$ cat upload-v2.pdb   # PDB, C-alpha atoms, pLDDT in the B column
ATOM      1  CA  MET A  16      10.833  28.174 -14.801  1.00 65.00           C
ATOM      2  CA  ASN A  17      13.211  29.889 -12.441  1.00 72.00           C
ATOM      3  CA  ASP A  18      15.541  28.088 -10.034  1.00 70.00           C
ATOM      4  CA  ASN A  19      13.210  28.489  -7.049  1.00 74.00           C
ATOM      5  CA  ASP A  20      10.372  26.616  -8.773  1.00 87.00           C
ATOM      6  CA  PHE A  21      12.011  23.163  -9.013  1.00 90.00           C
ATOM      7  CA  LYS A  22      11.289  22.120  -5.438  1.00 88.00           C
ATOM      8  CA  LYS A  23       7.743  23.474  -5.568  1.00 90.00           C
ATOM      9  CA  ALA A  24       7.068  21.733  -8.891  1.00 91.00           C
ATOM     10  CA  TYR A  25       8.283  18.408  -7.512  1.00 91.00           C
ATOM     11  CA  LEU A  26       6.282  18.724  -4.301  1.00 91.00           C
ATOM     12  CA  ASP A  27       3.176  19.763  -6.272  1.00 93.00           C
ATOM     13  CA  TYR A  28       3.625  16.677  -8.451  1.00 92.00           C
ATOM     14  CA  LEU A  29       3.904  14.404  -5.414  1.00 91.00           C
ATOM     15  CA  ASN A  30       0.885  16.053  -3.828  1.00 92.00           C
ATOM     16  CA  GLU A  31      -1.181  15.532  -6.989  1.00 91.00           C
ATOM     17  CA  LEU A  32      -0.360  11.824  -7.192  1.00 90.00           C
ATOM     18  CA  THR A  33      -0.547  10.985  -3.488  1.00 92.00           C
ATOM     19  CA  ILE A  34      -3.968   9.676  -2.503  1.00 88.00           C
ATOM     20  CA  GLN A  35      -5.257   9.592   1.074  1.00 88.00           C
ATOM     21  CA  THR A  36      -8.328   7.564   2.021  1.00 87.00           C
ATOM     22  CA  ILE A  37      -9.929   6.549   5.298  1.00 84.00           C
ATOM     23  CA  THR A  38      -9.991   2.767   5.673  1.00 79.00           C
ATOM     24  CA  SER A  39     -11.697   2.606   9.062  1.00 73.00           C
ATOM     25  CA  ASN A  40     -13.644   5.382  10.772  1.00 69.00           C
ATOM     26  CA  LYS A  41     -13.766   3.494  14.074  1.00 74.00           C
ATOM     27  CA  LYS A  42      -9.999   3.111  14.430  1.00 76.00           C
ATOM     28  CA  SER A  43      -8.870   6.245  12.554  1.00 88.00           C
ATOM     29  CA  ILE A  44      -6.862   4.320   9.971  1.00 92.00           C
ATOM     30  CA  TYR A  45      -5.801   6.118   6.803  1.00 93.00           C
ATOM     31  CA  ARG A  46      -4.259   4.662   3.664  1.00 93.00           C
ATOM     32  CA  ILE A  47      -1.836   6.754   1.676  1.00 94.00           C
ATOM     33  CA  SER A  48      -0.925   5.615  -1.821  1.00 93.00           C
ATOM     34  CA  LEU A  49       2.451   7.101  -2.661  1.00 93.00           C
ATOM     35  CA  PRO A  50       3.484   7.696  -6.286  1.00 92.00           C
ATOM     36  CA  TYR A  51       6.417   5.298  -6.075  1.00 93.00           C
ATOM     37  CA  LEU A  52       6.228   2.006  -7.926  1.00 92.00           C
ATOM     38  CA  ASP A  53       7.310  -1.308  -6.457  1.00 89.00           C
ATOM     39  CA  SER A  54       8.662  -4.278  -8.408  1.00 87.00           C
ATOM     40  CA  TYR A  55       5.079  -5.344  -9.206  1.00 87.00           C
ATOM     41  CA  ASN A  56       4.474  -1.920 -10.789  1.00 92.00           C
ATOM     42  CA  ASP A  57       2.014  -0.986  -8.023  1.00 91.00           C
ATOM     43  CA  TYR A  58       2.031   2.209  -5.997  1.00 92.00           C
ATOM     44  CA  LEU A  59       3.344   1.897  -2.452  1.00 94.00           C
ATOM     45  CA  ASP A  60       0.564   1.877   0.120  1.00 95.00           C
ATOM     46  CA  ILE A  61       1.210   2.816   3.709  1.00 96.00           C
ATOM     47  CA  TYR A  62      -1.254   3.024   6.557  1.00 96.00           C
ATOM     48  CA  ILE A  63      -1.414   5.595   9.315  1.00 95.00           C
ATOM     49  CA  ILE A  64      -3.131   4.619  12.544  1.00 94.00           C
ATOM     50  CA  LYS A  65      -4.004   7.432  14.942  1.00 92.00           C
ATOM     51  CA  ASN A  66      -3.455   6.151  18.466  1.00 93.00           C
ATOM     52  CA  GLU A  67      -5.331   7.243  21.592  1.00 91.00           C
ATOM     53  CA  ASP A  68      -2.197   8.845  23.083  1.00 94.00           C
ATOM     54  CA  GLY A  69      -1.960  11.221  20.097  1.00 93.00           C
ATOM     55  CA  SER A  70       0.833   9.329  18.380  1.00 95.00           C
ATOM     56  CA  CYS A  71       0.557   7.857  14.894  1.00 96.00           C
ATOM     57  CA  THR A  72       1.795   4.447  13.815  1.00 97.00           C
ATOM     58  CA  ILE A  73       2.855   4.345  10.180  1.00 97.00           C
ATOM     59  CA  THR A  74       2.948   0.817   8.757  1.00 98.00           C
ATOM     60  CA  ASP A  75       3.241  -1.176   5.550  1.00 97.00           C
ATOM     61  CA  ASP A  76       0.619  -3.646   6.878  1.00 95.00           C
ATOM     62  CA  GLY A  77       3.082  -6.508   6.345  1.00 95.00           C
ATOM     63  CA  TRP A  78       3.502  -6.026   2.585  1.00 94.00           C
ATOM     64  CA  THR A  79       7.324  -5.826   2.482  1.00 93.00           C
ATOM     65  CA  ILE A  80       8.106  -8.952   4.498  1.00 93.00           C
ATOM     66  CA  ARG A  81       5.219 -10.898   2.929  1.00 91.00           C
ATOM     67  CA  MET A  82       6.610 -10.109  -0.534  1.00 88.00           C
ATOM     68  CA  LEU A  83      10.065 -11.355   0.496  1.00 88.00           C
ATOM     69  CA  GLN A  84       8.685 -14.490   2.117  1.00 88.00           C
ATOM     70  CA  ASP A  85       6.576 -15.263  -0.964  1.00 86.00           C
ATOM     71  CA  ASN A  86       9.725 -15.032  -3.085  1.00 83.00           C
ATOM     72  CA  LYS A  87      11.821 -16.812  -0.439  1.00 86.00           C
ATOM     73  CA  THR A  88      14.346 -13.983  -0.531  1.00 87.00           C
ATOM     74  CA  LEU A  89      14.306 -12.494   2.995  1.00 86.00           C
ATOM     75  CA  THR A  90      17.934 -11.941   4.045  1.00 87.00           C
ATOM     76  CA  GLU A  91      19.852 -10.591   7.023  1.00 89.00           C
ATOM     77  CA  LYS A  92      20.720  -7.603   4.827  1.00 90.00           C
ATOM     78  CA  ASP A  93      16.989  -6.812   4.619  1.00 89.00           C
ATOM     79  CA  ILE A  94      16.704  -6.903   8.405  1.00 90.00           C
ATOM     80  CA  ALA A  95      19.728  -4.585   8.678  1.00 91.00           C
ATOM     81  CA  THR A  96      18.135  -2.182   6.177  1.00 90.00           C
ATOM     82  CA  ILE A  97      14.954  -2.070   8.255  1.00 93.00           C
ATOM     83  CA  LYS A  98      16.963  -1.043  11.323  1.00 92.00           C
ATOM     84  CA  LEU A  99      18.986   1.494   9.328  1.00 92.00           C
ATOM     85  CA  TYR A 100      15.810   3.466   8.595  1.00 93.00           C
ATOM     86  CA  ASP A 101      14.631   3.390  12.257  1.00 93.00           C
ATOM     87  CA  ILE A 102      11.835   1.018  11.282  1.00 96.00           C
ATOM     88  CA  ILE A 103      10.555  -1.765  13.537  1.00 95.00           C
ATOM     89  CA  LYS A 104       9.727  -5.261  12.280  1.00 95.00           C
ATOM     90  CA  ASN A 105       6.728  -6.384  14.328  1.00 96.00           C
ATOM     91  CA  GLU A 106       5.717  -9.927  15.291  1.00 95.00           C
ATOM     92  CA  ASP A 107       3.033  -9.890  12.575  1.00 95.00           C
ATOM     93  CA  ASN A 108       5.820  -9.072  10.040  1.00 94.00           C
ATOM     94  CA  SER A 109       4.557  -5.561   9.454  1.00 96.00           C
ATOM     95  CA  LEU A 110       7.090  -2.757   9.334  1.00 97.00           C
ATOM     96  CA  SER A 111       6.261   0.342  11.335  1.00 98.00           C
ATOM     97  CA  ILE A 112       7.505   3.558  12.807  1.00 97.00           C
ATOM     98  CA  THR A 113       5.723   5.604  15.456  1.00 97.00           C
ATOM     99  CA  CYS A 114       5.488   9.372  15.309  1.00 96.00           C
ATOM    100  CA  TYR A 115       4.748  10.996  18.649  1.00 95.00           C
ATOM    101  CA  PRO A 116       2.952  14.327  19.141  1.00 92.00           C
ATOM    102  CA  GLY A 117       5.263  17.118  18.058  1.00 92.00           C
ATOM    103  CA  GLY A 118       7.306  14.699  15.935  1.00 91.00           C
ATOM    104  CA  ASN A 119       7.873  14.990  12.212  1.00 93.00           C
ATOM    105  CA  ILE A 120       5.290  12.707  10.590  1.00 94.00           C
ATOM    106  CA  GLY A 121       6.675  13.562   7.144  1.00 93.00           C
ATOM    107  CA  TYR A 122      10.047  12.160   8.188  1.00 95.00           C
ATOM    108  CA  CYS A 123       8.409   8.968   9.462  1.00 96.00           C
ATOM    109  CA  ILE A 124       6.361   8.445   6.280  1.00 96.00           C
ATOM    110  CA  HIS A 125       9.415   9.157   4.124  1.00 95.00           C
ATOM    111  CA  ASN A 126      11.650   6.733   6.049  1.00 96.00           C
ATOM    112  CA  LEU A 127       9.131   3.902   5.811  1.00 97.00           C
ATOM    113  CA  ALA A 128       8.682   4.514   2.065  1.00 96.00           C
ATOM    114  CA  LEU A 129      12.467   4.591   1.513  1.00 95.00           C
ATOM    115  CA  CYS A 130      12.914   1.389   3.489  1.00 96.00           C
ATOM    116  CA  MET A 131      10.186  -0.387   1.495  1.00 95.00           C
ATOM    117  CA  LEU A 132      11.668   0.775  -1.821  1.00 94.00           C
ATOM    118  CA  LYS A 133      15.234  -0.112  -0.847  1.00 93.00           C
ATOM    119  CA  ILE A 134      14.305  -3.666   0.153  1.00 92.00           C
ATOM    120  CA  ASP A 135      12.036  -4.138  -2.857  1.00 89.00           C
ATOM    121  CA  SER A 136      14.672  -2.906  -5.338  1.00 88.00           C
ATOM    122  CA  ARG A 137      17.235  -5.361  -3.964  1.00 81.00           C
ATOM    123  CA  HIS A 138      15.050  -8.272  -5.030  1.00 74.00           C
ATOM    124  CA  LEU A 139      14.247  -7.346  -8.615  1.00 69.00           C
TER     125      LEU A 139
END
$ encode --input "upload-v2.pdb" --output "C-alpha coordinates"
Amino acid sequence: MNDNDFKKAYLDYLNELTIQTITSNKKSIYRISLPYLDSYNDYLDIYIIKNEDGSCTITDDGWTIRMLQDNKTLTEKDIATIKLYDIIKNEDNSLSITCYPGGNIGYCIHNLALCMLKIDSRHL
(Lines of atoms letter the chains of each structure in order from A and count residues from 1; the text may use other names and numbers.)
(Lines give C-alpha, C1' and ligand atoms only; values in the text may rest on other atoms or scores of the structure.)
Protein backbone atom coordinates (compact mmCIF):
# COMPACT_ATOMS: atom_id res chain seq x y z
CA MET A 1 0.00 0.00 0.00
CA ASN A 2 1.42 3.36 -0.93
CA ASP A 3 1.14 6.49 1.19
CA ASN A 4 -1.83 7.87 -0.75
CA ASP A 5 -3.98 4.81 0.01
CA PHE A 6 -4.28 5.22 3.80
CA LYS A 7 -7.02 7.83 3.72
CA LYS A 8 -8.95 5.99 1.01
CA ALA A 9 -8.66 2.68 2.89
CA TYR A 10 -9.99 4.27 6.08
CA LEU A 11 -12.87 6.00 4.32
CA ASP A 12 -13.73 2.78 2.44
CA TYR A 13 -13.79 0.95 5.77
CA LEU A 14 -16.12 3.54 7.30
CA ASN A 15 -18.34 3.45 4.24
CA GLU A 16 -18.59 -0.35 4.41
CA LEU A 17 -19.63 -0.35 8.07
CA THR A 18 -21.95 2.66 8.01
CA ILE A 19 -25.57 1.65 7.49
CA GLN A 20 -28.28 4.04 6.31
CA THR A 21 -31.96 3.13 6.58
CA ILE A 22 -35.21 5.04 6.15
CA THR A 23 -37.21 5.08 9.38
CA SER A 24 -40.18 7.08 8.13
CA ASN A 25 -41.14 7.73 4.51
CA LYS A 26 -43.71 10.36 5.48
CA LYS A 27 -41.28 12.58 7.38
CA SER A 28 -38.07 11.77 5.47
CA ILE A 29 -36.24 10.47 8.54
CA TYR A 30 -33.08 8.42 8.03
CA ARG A 31 -31.11 6.44 10.59
CA ILE A 32 -27.38 6.13 10.18
CA SER A 33 -25.55 3.54 12.25
CA LEU A 34 -21.96 4.66 12.57
CA PRO A 35 -19.16 2.13 13.19
CA TYR A 36 -18.22 3.67 16.53
CA LEU A 37 -19.02 1.77 19.71
CA ASP A 38 -20.48 3.36 22.81
CA SER A 39 -19.94 2.19 26.39
CA TYR A 40 -22.70 -0.40 25.93
CA ASN A 41 -20.78 -1.84 22.96
CA ASP A 42 -23.49 -0.68 20.53
CA TYR A 43 -22.96 1.27 17.34
CA LEU A 44 -23.84 4.95 17.50
CA ASP A 45 -27.15 5.71 15.81
CA ILE A 46 -27.96 9.18 14.57
CA TYR A 47 -31.06 10.35 12.77
CA ILE A 48 -31.30 12.80 9.91
CA ILE A 49 -34.58 14.61 9.40
CA LYS A 50 -35.06 16.39 6.08
CA ASN A 51 -36.96 19.60 6.76
CA GLU A 52 -39.34 21.38 4.38
CA ASP A 53 -36.99 24.37 4.04
CA GLY A 54 -34.26 22.10 2.63
CA SER A 55 -32.25 21.95 5.84
CA CYS A 56 -31.47 18.73 7.69
CA THR A 57 -31.64 18.22 11.44
CA ILE A 58 -29.15 15.65 12.69
CA THR A 59 -30.05 14.25 16.11
CA ASP A 60 -29.22 11.53 18.61
CA ASP A 61 -32.96 11.15 19.39
CA GLY A 62 -32.23 11.78 23.08
CA TRP A 63 -29.88 8.81 23.57
CA THR A 64 -26.91 10.71 25.07
CA ILE A 65 -28.77 12.63 27.77
CA ARG A 66 -31.06 9.67 28.53
CA MET A 67 -27.99 7.48 29.11
CA LEU A 68 -26.52 10.06 31.50
CA GLN A 69 -29.80 10.52 33.35
CA ASP A 70 -30.23 6.75 33.71
CA ASN A 71 -26.78 6.58 35.29
CA LYS A 72 -27.34 9.80 37.25
CA THR A 73 -24.10 11.21 35.87
CA LEU A 74 -25.13 14.30 33.86
CA THR A 75 -22.69 17.11 34.75
CA GLU A 76 -22.08 20.73 33.81
CA LYS A 77 -18.97 19.50 31.98
CA ASP A 78 -21.26 17.45 29.71
CA ILE A 79 -23.34 20.53 28.93
CA ALA A 80 -20.15 22.48 28.15
CA THR A 81 -18.99 19.68 25.83
CA ILE A 82 -22.29 19.82 23.95
CA LYS A 83 -21.80 23.55 23.32
CA LEU A 84 -18.15 23.05 22.35
CA TYR A 85 -19.22 20.92 19.38
CA ASP A 86 -21.89 23.44 18.23
CA ILE A 87 -24.60 21.00 19.30
CA ILE A 88 -27.94 22.09 20.75
CA LYS A 89 -29.59 20.35 23.72
CA ASN A 90 -33.33 20.48 23.01
CA GLU A 91 -36.20 20.55 25.50
CA ASP A 92 -36.86 16.85 24.83
CA ASN A 93 -33.19 16.17 25.81
CA SER A 94 -32.19 15.26 22.29
CA LEU A 95 -28.94 16.64 20.94
CA SER A 96 -29.07 18.13 17.46
CA ILE A 97 -27.35 20.24 14.89
CA THR A 98 -28.98 21.72 11.80
CA CYS A 99 -27.31 21.73 8.41
CA TYR A 100 -28.71 24.31 6.02
CA PRO A 101 -28.71 24.02 2.21
CA GLY A 102 -25.16 24.47 0.97
CA GLY A 103 -23.77 23.55 4.39
CA ASN A 104 -21.41 20.68 5.10
CA ILE A 105 -23.61 17.81 6.30
CA GLY A 106 -20.53 15.64 6.82
CA TYR A 107 -19.20 18.18 9.31
CA CYS A 108 -22.52 18.21 11.17
CA ILE A 109 -22.75 14.40 11.35
CA HIS A 110 -19.11 14.18 12.47
CA ASN A 111 -19.53 16.82 15.20
CA LEU A 112 -22.61 15.13 16.64
CA ALA A 113 -20.84 11.74 16.63
CA LEU A 114 -17.74 13.22 18.31
CA CYS A 115 -19.87 14.93 20.94
CA MET A 116 -21.76 11.70 21.71
CA LEU A 117 -18.52 9.71 21.97
CA LYS A 118 -16.77 12.32 24.11
CA ILE A 119 -19.61 12.46 26.64
CA ASP A 120 -20.06 8.69 26.65
CA SER A 121 -16.33 8.01 27.19
CA ARG A 122 -16.25 10.34 30.20
CA HIS A 123 -18.72 8.11 32.02
CA LEU A 124 -17.15 4.69 31.55
$ resolve_selection --input "upload-v2.pdb" --expression "the PyMOL selection byres ((chain A and resi 102-114) around 7)" --output "list in words"
Ser70, Cys71, Thr72, Ile73, Thr74, Asp75, Asp76, Gly77, Trp78, Ile80, Ile97, Lys98, Tyr100, Asp101, Tyr115, Pro116, Gly118, Asn119, Ile120, Cys123 and Leu127 of chain A
$ closest_residue --input "upload-v2.pdb" --among "A:Lys22, A:Gln35, A:His138, A:Asn30" --to "Asp85 (chain A)" --atoms "all atoms listed in the file"
A:His138
$ resolve_selection --input "upload-v2.pdb" --expression "the PyMOL selection byres ((chain A and resi 128) around 9)" --output "list in words"
Leu49, Tyr51, Leu59, Asp60, Ile61, Asp75, Cys123, Ile124, His125, Asn126, Leu127, Leu129, Cys130, Met131, Leu132 and Lys133 of chain A
$ residues_around --input "upload-v2.pdb" --residues "Tyr58 (chain A)" --least-positions-apart "5" --cutoff "10 Å" --atoms "all atoms listed in the file" --output "number ranges by chain"
A: 32-33, 47-53
$ closest_residue --input "upload-v2.pdb" --among "A:Ile134, A:Tyr55, A:Met82, A:Ile34" --to "Leu99 (chain A)" --atoms "all atoms listed in the file"
A:Ile134
$ atom_distance --input "upload-v2.pdb" --atom1 "CA of Ile64 (chain A)" --atom2 "CA of Lys87 (chain A)"
29.2 Å
$ decode --input "upload-v2.pdb" --residues "region 85-116 of chain A" --atoms "N, CA, C and O atoms" --output "short mmCIF file (atom, residue, chain, number, x, y, z; two decimals), in the first residue's frame"
data_model
loop_
_atom_site.label_atom_id
_atom_site.label_comp_id
_atom_site.auth_asym_id
_atom_site.auth_seq_id
_atom_site.Cartn_x
_atom_site.Cartn_y
_atom_site.Cartn_z
N ASP A 85 -30.05 8.11 33.17
CA ASP A 85 -30.23 6.75 33.71
C ASP A 85 -29.13 6.40 34.70
O ASP A 85 -29.36 5.73 35.70
N ASN A 86 -27.92 6.86 34.41
CA ASN A 86 -26.78 6.58 35.29
C ASN A 86 -26.57 7.66 36.35
O ASN A 86 -25.63 7.59 37.12
N LYS A 87 -27.43 8.68 36.31
CA LYS A 87 -27.34 9.80 37.25
C LYS A 87 -25.96 10.46 37.22
O LYS A 87 -25.37 10.76 38.26
N THR A 88 -25.44 10.66 36.00
CA THR A 88 -24.10 11.21 35.87
C THR A 88 -24.02 12.47 35.00
O THR A 88 -22.93 12.86 34.60
N LEU A 89 -25.14 13.09 34.67
CA LEU A 89 -25.13 14.30 33.86
C LEU A 89 -24.46 15.43 34.65
O LEU A 89 -24.86 15.73 35.78
N THR A 90 -23.44 16.06 34.06
CA THR A 90 -22.69 17.11 34.75
C THR A 90 -22.68 18.39 33.91
O THR A 90 -23.01 18.38 32.72
N GLU A 91 -22.25 19.47 34.54
CA GLU A 91 -22.08 20.73 33.81
C GLU A 91 -21.01 20.59 32.73
O GLU A 91 -21.06 21.25 31.70
N LYS A 92 -20.02 19.74 32.98
CA LYS A 92 -18.97 19.50 31.98
C LYS A 92 -19.57 18.88 30.71
O LYS A 92 -19.14 19.18 29.61
N ASP A 93 -20.59 18.03 30.87
CA ASP A 93 -21.26 17.45 29.71
C ASP A 93 -21.97 18.54 28.91
O ASP A 93 -21.91 18.56 27.68
N ILE A 94 -22.63 19.44 29.60
CA ILE A 94 -23.34 20.53 28.93
C ILE A 94 -22.34 21.42 28.19
O ILE A 94 -22.58 21.83 27.06
N ALA A 95 -21.19 21.67 28.80
CA ALA A 95 -20.15 22.48 28.15
C ALA A 95 -19.61 21.77 26.91
O ALA A 95 -19.34 22.41 25.88
N THR A 96 -19.47 20.45 26.98
CA THR A 96 -18.99 19.68 25.83
C THR A 96 -19.98 19.79 24.67
O THR A 96 -19.58 19.95 23.52
N ILE A 97 -21.25 19.71 24.99
CA ILE A 97 -22.29 19.82 23.95
C ILE A 97 -22.13 21.15 23.20
O ILE A 97 -22.11 21.18 21.97
N LYS A 98 -21.95 22.22 23.94
CA LYS A 98 -21.80 23.55 23.32
C LYS A 98 -20.50 23.65 22.53
O LYS A 98 -20.45 24.30 21.49
N LEU A 99 -19.45 23.02 23.03
CA LEU A 99 -18.15 23.05 22.35
C LEU A 99 -18.22 22.52 20.93
O LEU A 99 -17.54 22.98 20.04
N TYR A 100 -19.07 21.54 20.70
CA TYR A 100 -19.22 20.92 19.38
C TYR A 100 -20.32 21.57 18.55
O TYR A 100 -20.74 21.01 17.54
N ASP A 101 -20.81 22.73 18.95
CA ASP A 101 -21.89 23.44 18.23
C ASP A 101 -23.18 22.64 18.18
O ASP A 101 -23.96 22.73 17.24
N ILE A 102 -23.41 21.83 19.21
CA ILE A 102 -24.60 21.00 19.30
C ILE A 102 -25.61 21.69 20.21
O ILE A 102 -25.23 22.36 21.17
N ILE A 103 -26.88 21.51 19.94
CA ILE A 103 -27.94 22.09 20.75
C ILE A 103 -28.59 20.98 21.58
O ILE A 103 -28.88 19.90 21.06
N LYS A 104 -28.81 21.26 22.86
CA LYS A 104 -29.59 20.35 23.72
C LYS A 104 -31.02 20.88 23.69
O LYS A 104 -31.29 21.99 24.12
N ASN A 105 -31.93 20.08 23.16
CA ASN A 105 -33.33 20.48 23.01
C ASN A 105 -34.13 20.20 24.27
O ASN A 105 -33.67 19.48 25.16
N GLU A 106 -35.34 20.75 24.34
CA GLU A 106 -36.20 20.55 25.50
C GLU A 106 -36.52 19.08 25.75
O GLU A 106 -36.72 18.67 26.89
N ASP A 107 -36.57 18.28 24.68
CA ASP A 107 -36.86 16.85 24.83
C ASP A 107 -35.60 16.05 25.16
O ASP A 107 -35.60 14.83 25.13
N ASN A 108 -34.50 16.76 25.47
CA ASN A 108 -33.19 16.17 25.81
C ASN A 108 -32.47 15.54 24.64
O ASN A 108 -31.45 14.88 24.83
N SER A 109 -32.95 15.73 23.43
CA SER A 109 -32.19 15.26 22.29
C SER A 109 -31.09 16.26 21.99
O SER A 109 -31.21 17.45 22.32
N LEU A 110 -30.01 15.78 21.42
CA LEU A 110 -28.94 16.64 20.94
C LEU A 110 -29.12 16.77 19.44
O LEU A 110 -29.44 15.79 18.76
N SER A 111 -28.90 17.97 18.91
CA SER A 111 -29.07 18.13 17.46
C SER A 111 -28.19 19.25 16.93
O SER A 111 -27.72 20.12 17.67
N ILE A 112 -28.02 19.20 15.64
CA ILE A 112 -27.35 20.24 14.89
C ILE A 112 -28.08 20.33 13.56
O ILE A 112 -28.52 19.31 13.02
N THR A 113 -28.27 21.54 13.06
CA THR A 113 -28.98 21.72 11.80
C THR A 113 -28.00 22.10 10.71
O THR A 113 -27.14 22.96 10.91
N CYS A 114 -28.14 21.44 9.58
CA CYS A 114 -27.31 21.73 8.41
C CYS A 114 -28.22 22.36 7.36
O CYS A 114 -29.20 21.76 6.94
N TYR A 115 -27.90 23.57 6.97
CA TYR A 115 -28.71 24.31 6.02
C TYR A 115 -28.24 24.03 4.59
O TYR A 115 -27.10 23.59 4.39
N PRO A 116 -29.10 24.26 3.61
CA PRO A 116 -28.71 24.02 2.21
C PRO A 116 -27.37 24.70 1.90
O PRO A 116 -27.14 25.85 2.27
#
